[in-house]
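Here is entry03.csv, consisting of CSV, C-alpha atoms:
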```csv
chain,number,residue,atom,x,y,z
A,1,MET,CA,299.9,69.0,97.6
A,2,ASN,CA,300.6,65.5,96.2
A,3,PHE,CA,303.6,63.7,94.7
A,4,ASN,CA,302.6,64.9,91.2
A,5,ASP,CA,302.7,68.5,92.5
A,6,LEU,CA,306.1,67.9,94.0
A,7,ASN,CA,307.4,66.6,90.7
A,8,ILE,CA,306.0,69.6,88.9
A,9,TYR,CA,307.6,72.0,91.4
A,10,LYS,CA,311.0,70.1,91.2
A,11,THR,CA,310.9,70.4,87.4
A,12,ILE,CA,310.1,74.1,87.4
A,13,TYR,CA,312.9,74.7,89.9
A,14,GLU,CA,315.5,72.7,87.9
A,15,THR,CA,314.5,74.2,84.5
A,16,LYS,CA,314.1,77.8,86.0
A,17,SER,CA,311.2,78.2,83.6
A,18,ILE,CA,307.5,77.3,83.7
A,19,ASN,CA,307.4,77.1,79.9
A,20,LYS,CA,310.4,74.7,79.8
A,21,ALA,CA,308.9,72.6,82.6
A,22,ALA,CA,305.6,72.4,80.8
A,23,LYS,CA,307.3,71.1,77.6
A,24,GLU,CA,309.3,68.6,79.6
A,25,LEU,CA,306.3,67.2,81.5
A,26,GLY,CA,303.8,67.4,78.6
A,27,TYR,CA,301.5,69.9,80.3
A,28,ALA,CA,300.0,73.1,79.0
A,29,GLN,CA,301.9,76.1,80.4
A,30,SER,CA,298.6,77.5,81.9
A,31,ASN,CA,298.1,74.2,83.9
A,32,LEU,CA,301.6,74.4,85.5
A,33,THR,CA,301.1,78.1,86.3
A,34,ALA,CA,297.8,77.2,88.0
A,35,ARG,CA,299.4,74.3,90.0
A,36,LEU,CA,302.3,76.5,91.1
A,37,LYS,CA,299.8,79.2,92.3
A,38,ALA,CA,297.9,76.5,94.2
A,39,ILE,CA,301.1,75.2,95.9
A,40,GLU,CA,302.1,78.8,96.9
A,41,HIS,CA,298.5,79.4,98.2
A,42,GLU,CA,298.6,76.1,100.2
A,43,LEU,CA,302.0,77.0,101.7
A,44,ASN,CA,301.0,80.7,102.1
A,45,SER,CA,304.4,81.7,100.6
A,46,THR,CA,306.0,83.1,97.5
A,47,LEU,CA,308.3,80.4,96.2
A,48,PHE,CA,309.5,82.0,92.9
A,49,VAL,CA,310.1,85.5,91.6
A,50,ARG,CA,308.9,85.7,88.0
A,51,SER,CA,310.7,87.7,85.3
A,52,ASN,CA,311.1,87.8,81.5
A,53,GLN,CA,314.1,85.4,81.9
A,54,GLY,CA,312.1,82.8,83.8
A,55,VAL,CA,311.7,82.1,87.5
A,56,ALA,CA,314.1,82.4,90.4
A,57,PRO,CA,313.5,80.6,93.8
A,58,THR,CA,313.1,82.5,97.0
A,59,ASP,CA,314.6,81.3,100.2
A,60,ASN,CA,311.4,79.4,100.9
A,61,GLY,CA,311.4,78.1,97.4
A,62,ASN,CA,314.8,76.6,98.0
A,63,LYS,CA,313.5,74.9,101.2
A,64,VAL,CA,310.5,73.4,99.3
A,65,TYR,CA,312.8,72.1,96.5
A,66,ARG,CA,315.0,70.3,99.1
A,67,PHE,CA,311.8,68.8,100.6
A,68,ALA,CA,310.5,67.8,97.2
A,69,VAL,CA,313.7,66.0,96.2
A,70,LYS,CA,313.8,64.1,99.5
A,71,ALA,CA,310.1,63.2,99.4
A,72,LEU,CA,310.2,61.9,95.8
A,73,ARG,CA,313.4,59.9,96.5
A,74,ASN,CA,311.9,58.4,99.6
A,75,TRP,CA,308.7,57.6,97.7
A,76,GLN,CA,310.7,55.8,95.0
A,77,LYS,CA,312.6,53.8,97.6
A,78,LEU,CA,309.4,52.8,99.3
A,79,GLN,CA,307.9,51.6,96.0
A,80,ASP,CA,311.1,49.6,95.3
A,81,THR,CA,310.8,47.8,98.7
A,82,LEU,CA,307.1,46.9,98.5
A,83,VAL,CA,305.6,44.0,96.6
A,84,ILE,CA,303.0,45.9,94.6
A,85,ARG,CA,301.0,44.5,91.7
A,86,LYS,CA,301.4,47.0,88.9
A,87,THR,CA,298.4,48.1,87.0
A,88,ILE,CA,298.0,47.7,83.2
A,89,LEU,CA,295.4,49.1,80.9
A,90,SER,CA,294.8,47.6,77.5
A,91,SER,CA,292.3,46.3,75.0
A,92,GLU,CA,291.2,42.6,75.0
A,93,LEU,CA,293.1,41.6,71.9
A,94,LEU,CA,296.3,43.1,73.1
A,95,VAL,CA,296.1,41.6,76.6
A,96,ASN,CA,295.5,38.1,75.2
A,97,PHE,CA,298.4,38.5,72.8
A,98,LEU,CA,300.8,39.7,75.5
A,99,ILE,CA,299.8,36.8,77.8
A,100,ALA,CA,300.0,34.3,74.9
A,101,LYS,CA,303.5,35.5,74.0
A,102,LYS,CA,304.6,35.7,77.6
A,103,LYS,CA,305.3,39.4,77.3
A,104,PHE,CA,304.2,39.7,81.0
A,105,PHE,CA,302.9,37.4,83.7
A,106,ILE,CA,299.3,37.9,84.6
A,107,THR,CA,300.0,37.3,88.3
A,108,ASP,CA,302.3,40.4,88.4
A,109,TYR,CA,299.6,42.9,87.2
A,110,ALA,CA,296.1,44.1,88.0
A,111,VAL,CA,294.7,44.2,84.5
A,112,THR,CA,291.9,46.5,83.3
A,113,ILE,CA,290.4,45.9,79.8
A,114,LYS,CA,288.7,48.6,77.9
A,115,LYS,CA,287.7,49.1,74.2
A,116,SER,CA,290.2,51.0,72.1
A,117,ASN,CA,287.9,54.1,72.1
A,118,GLN,CA,287.6,54.1,75.9
A,119,LEU,CA,291.3,54.0,76.8
A,120,GLU,CA,292.2,57.7,76.8
A,121,SER,CA,289.0,58.6,78.7
A,122,GLU,CA,289.9,56.0,81.3
A,123,LEU,CA,293.3,57.6,81.8
A,124,THR,CA,291.7,60.9,82.8
A,125,GLN,CA,290.0,59.1,85.7
A,126,ARG,CA,293.0,57.3,87.2
A,127,TYR,CA,296.6,56.4,86.3
A,128,TYR,CA,298.0,53.0,85.3
A,129,ASP,CA,301.6,51.9,85.5
A,130,VAL,CA,301.5,50.5,82.0
A,131,VAL,CA,299.3,51.2,79.0
A,132,VAL,CA,299.4,49.1,75.9
A,133,THR,CA,297.3,50.4,73.1
A,134,PHE,CA,296.8,50.4,69.3
A,135,ASN,CA,296.4,54.2,69.4
A,136,GLN,CA,299.1,56.7,70.2
A,137,PHE,CA,298.3,59.4,72.7
A,138,ASP,CA,299.9,62.4,74.4
A,139,LEU,CA,299.1,62.7,78.1
A,140,PRO,CA,301.2,64.1,81.0
A,141,ASN,CA,303.5,61.7,82.8
A,142,TYR,CA,303.1,58.9,80.2
A,143,ARG,CA,306.2,58.1,78.2
A,144,LEU,CA,306.3,55.9,75.1
A,145,LYS,CA,308.6,53.0,75.9
A,146,GLN,CA,308.2,50.6,73.0
A,147,THR,CA,306.5,50.2,69.6
A,148,ALA,CA,305.9,46.7,68.3
A,149,ASN,CA,303.7,44.8,66.0
A,150,LEU,CA,300.9,42.3,66.4
A,151,PRO,CA,300.9,39.8,63.5
A,152,ALA,CA,297.4,39.4,62.0
A,153,CYS,CA,295.7,37.6,59.1
A,154,PHE,CA,292.2,36.7,57.9
A,155,LEU,CA,290.9,33.7,59.8
A,156,LYS,CA,288.0,31.2,59.1
A,157,GLY,CA,286.5,28.2,60.8
A,158,LYS,CA,288.3,24.9,60.3
A,159,GLN,CA,285.7,23.4,58.0
A,160,GLU,CA,284.9,26.5,55.8
A,161,ASP,CA,286.6,27.9,52.7
A,162,GLY,CA,285.5,31.4,53.7
A,163,SER,CA,285.0,32.7,50.2
A,164,THR,CA,281.2,33.4,50.6
A,165,CYS,CA,281.1,34.1,54.3
A,166,PRO,CA,280.4,37.6,55.5
A,167,ILE,CA,283.5,39.6,56.8
A,168,ALA,CA,283.0,40.5,60.5
A,169,ILE,CA,284.4,43.8,61.7
A,170,ASN,CA,284.3,45.5,65.1
A,171,SER,CA,281.9,48.4,65.4
A,172,ASP,CA,284.5,50.3,67.4
A,173,LEU,CA,285.6,53.0,64.9
A,174,THR,CA,289.0,53.3,66.4
A,175,CYS,CA,289.8,49.5,66.1
A,176,PRO,CA,292.8,49.1,63.8
A,177,PHE,CA,291.5,45.7,62.6
A,178,ARG,CA,288.3,47.4,61.5
A,179,LYS,CA,290.3,50.1,59.7
A,180,LEU,CA,292.6,47.7,57.9
A,181,THR,CA,289.6,45.4,56.9
A,182,LEU,CA,287.8,48.4,55.4
A,183,LYS,CA,290.9,49.2,53.4
A,184,LEU,CA,291.5,45.7,52.2
A,185,CYS,CA,287.9,44.7,51.4
A,186,PRO,CA,286.3,46.9,48.7
A,187,ASP,CA,283.1,44.8,48.7
A,188,LYS,CA,281.2,46.5,51.5
A,189,THR,CA,278.2,44.3,51.0
A,190,ARG,CA,280.0,41.4,52.7
A,191,LEU,CA,280.8,43.4,55.9
A,192,LEU,CA,279.1,42.5,59.1
A,193,GLU,CA,279.5,45.0,62.0
A,194,ILE,CA,279.6,43.3,65.5
A,195,ASP,CA,279.9,45.1,68.8
A,196,SER,CA,281.8,42.3,70.5
A,197,LEU,CA,285.2,40.7,69.9
A,198,GLU,CA,283.9,37.5,71.6
A,199,THR,CA,280.9,37.3,69.2
A,200,ILE,CA,283.2,37.9,66.2
A,201,MET,CA,285.5,35.0,67.3
A,202,GLN,CA,282.5,32.7,67.9
A,203,LEU,CA,281.1,33.5,64.4
A,204,VAL,CA,284.4,32.7,62.8
A,205,LYS,CA,284.8,29.5,64.8
A,206,ARG,CA,281.4,28.3,63.8
A,207,GLY,CA,282.2,29.0,60.1
A,208,GLU,CA,279.5,31.8,59.9
A,209,ALA,CA,282.0,34.6,59.1
A,210,VAL,CA,285.7,35.4,58.4
A,211,ALA,CA,287.6,38.2,60.1
A,212,LEU,CA,290.9,39.9,60.4
A,213,LEU,CA,292.3,38.6,63.7
A,214,PRO,CA,295.6,38.0,65.5
A,215,GLN,CA,297.6,35.1,64.2
A,216,TYR,CA,298.1,33.7,67.7
A,217,LEU,CA,294.5,32.5,67.5
A,218,ILE,CA,295.3,29.9,64.9
A,219,ASP,CA,294.6,26.5,66.4
A,220,ASN,CA,292.2,23.6,65.9
A,221,ASP,CA,289.3,26.0,65.6
A,222,TYR,CA,290.8,28.7,63.4
A,223,GLN,CA,292.7,28.6,60.2
A,224,LYS,CA,294.1,31.1,57.7
A,225,VAL,CA,291.9,32.2,54.8
A,226,ASN,CA,295.0,32.8,52.6
A,227,ASP,CA,298.8,33.4,52.9
A,228,HIS,CA,298.5,37.2,53.4
A,229,ASN,CA,299.9,38.5,56.7
A,230,PHE,CA,299.7,41.9,58.2
A,231,ASN,CA,301.4,43.7,61.1
A,232,ILE,CA,299.2,45.9,63.4
A,233,PRO,CA,301.4,48.3,65.3
A,234,TYR,CA,300.8,48.8,69.0
A,235,TYR,CA,302.4,51.1,71.6
A,236,CYS,CA,303.5,50.6,75.2
A,237,TYR,CA,303.5,53.6,77.5
A,238,GLN,CA,304.8,53.8,81.1
A,239,TYR,CA,303.7,56.1,83.8
A,240,GLN,CA,306.4,58.3,85.3
A,241,ILE,CA,306.0,60.9,88.1
```

Would you encode the structure as structure tokens?
Amino acid sequence: MNFNDLNIYKTIYETKSINKAAKELGYAQSNLTARLKAIEHELNSTLFVRSNQGVAPTDNGNKVYRFAVKALRNWQKLQDTLVIRKTILSSELLVNFLIAKKKFFITDYAVTIKKSNQLESELTQRYYDVVVTFNQFDLPNYRLKQTANLPACFLKGKQEDGSTCPIAINSDLTCPFRKLTLKLCPDKTRLLEIDSLETIMQLVKRGEAVALLPQYLIDNDYQKVNDHNFNIPYYCYQYQI
């Protein structure tokens, strides 16, 4: 039994229903039923009596609930007293934007960067305290805390007019910059697929391509192609036990 199991047990106890607990935690009901059976098997004890009205705790079930509440409270107190670097999972574009805008301090986090199409798979392997992503998802214990926008525009190299350059797009099919570029640019013959954000940025910097990129990149090496601005929504999720 781990802390996640204790939280599952506590929620079932307090809602008096496996179905209600599943909805509250974002699990499938069958998963919670399986976890409860595993807990009862590990403790070699019946903790709830099932009925059509839900579940009712046994005497042992009440004891386990008191233990779960105390253990979870102590775990939270321990976390509050320790200096722990929180973990954050995001894509390269978003991490650079958040750092540039001082949305978080890099020294406070252990940062993992993945492509947009790899984030959800990564979350099945381990948990992260914070996930910042262009794509919404629905996974147990992750709660949406904020929705915001990343300002974007088409950028070109400082010495180029950009009118005849190819338009570089990310080959990641889930990339929102790719999706918006395809929507805005009907002339598909100008599109150039690249499997690297760094390569796209270097091509734009050298004047060999234009691309839809975050506005925070505008400096001595990048300038706007035109006056059109776009907002790319992103989502911030927080892990909660």

Leaving out Thr87 in chain A and any residue of its chain fewer than 6 positions from it, which residues lie within 10 Å of it when counting only C-alpha atoms, given as a short mmCIF file (atom, residue, chain, number, x, y, z; two decimals) with C-alpha atoms, in the frame of the given file?
```
data_model
loop_
_atom_site.label_atom_id
_atom_site.label_comp_id
_atom_site.auth_asym_id
_atom_site.auth_seq_id
_atom_site.Cartn_x
_atom_site.Cartn_y
_atom_site.Cartn_z
CA ASP A 108 302.30 40.40 88.40
CA TYR A 109 299.60 42.90 87.20
CA ALA A 110 296.10 44.10 88.00
CA VAL A 111 294.70 44.20 84.50
CA THR A 112 291.90 46.50 83.30
CA TYR A 127 296.60 56.40 86.30
CA TYR A 128 298.00 53.00 85.30
CA ASP A 129 301.60 51.90 85.50
CA VAL A 130 301.50 50.50 82.00
CA VAL A 131 299.30 51.20 79.00
#
```

Problem set entry | Shortest interatomic distance to Ala209 in chain A - which of A:His228, A:Lys179, A:Lys156, A:Lys10, counting only C-alpha atoms |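 Of A:His228, A:Lys179, A:Lys156, A:Lys10, the one nearest Ala209 in chain A, counting only C-alpha atoms, is A:Lys156.
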
For this session: Find, counting only C-alpha atoms, the residue in A:Asn4, A:Lys37, A:Gln240, A:Ser163 that gets nearest to Arg143 in chain A.
Result: A:Gln240

Exercise. Which residue, A:Val95, A:Val132, A:Ala38, A:Val204, has the smallest gap to Pro233 in chain A when you use all atoms listed in the file?
Worked result: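 Going through A:Val95, A:Val132, A:Ala38, A:Val204 one by one, the smallest distance to Pro233 in chain A is for A:Val132.
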
For this session: Kindly indicate which residue among A:Asp227, A:Asp221, A:Glu122, A:Asp187 lies nearest to Gln202 in chain A, using all atoms listed in the file for the distances.
Result: A:Asp221

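Take the candidates A:Asn52, A:Asp138, A:Leu93, A:Phe154 and check each one against Ala28 in chain A using all atoms listed in the file; the shortest distance goes to A:Asp138.
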
For this session: Fewer than 5 positions away in the same chain doesn't count, so skip those; otherwise give me all residues within 9 Å of Gln215 in chain A, counting all atoms listed in the file, as a list in words.
Result: Leu150, Pro151, Ala152, Cys153, Phe154, Leu155, Lys224 and Asn229 of chain A

For this session: One decimal, Å: what's the distance from CA of Thr181 in chain A over to CA of Gln118 in chain A, could you say?
Result: 21.0 Å

Problem set entry | Selected residue of minimal separation from Thr11 in chain A among A:Arg50, A:Thr81, A:Tyr142, A:Val69, counting all atoms listed in the file |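 Residue with the minimum atom-to-atom distance to Thr11 in chain A: A:Val69.
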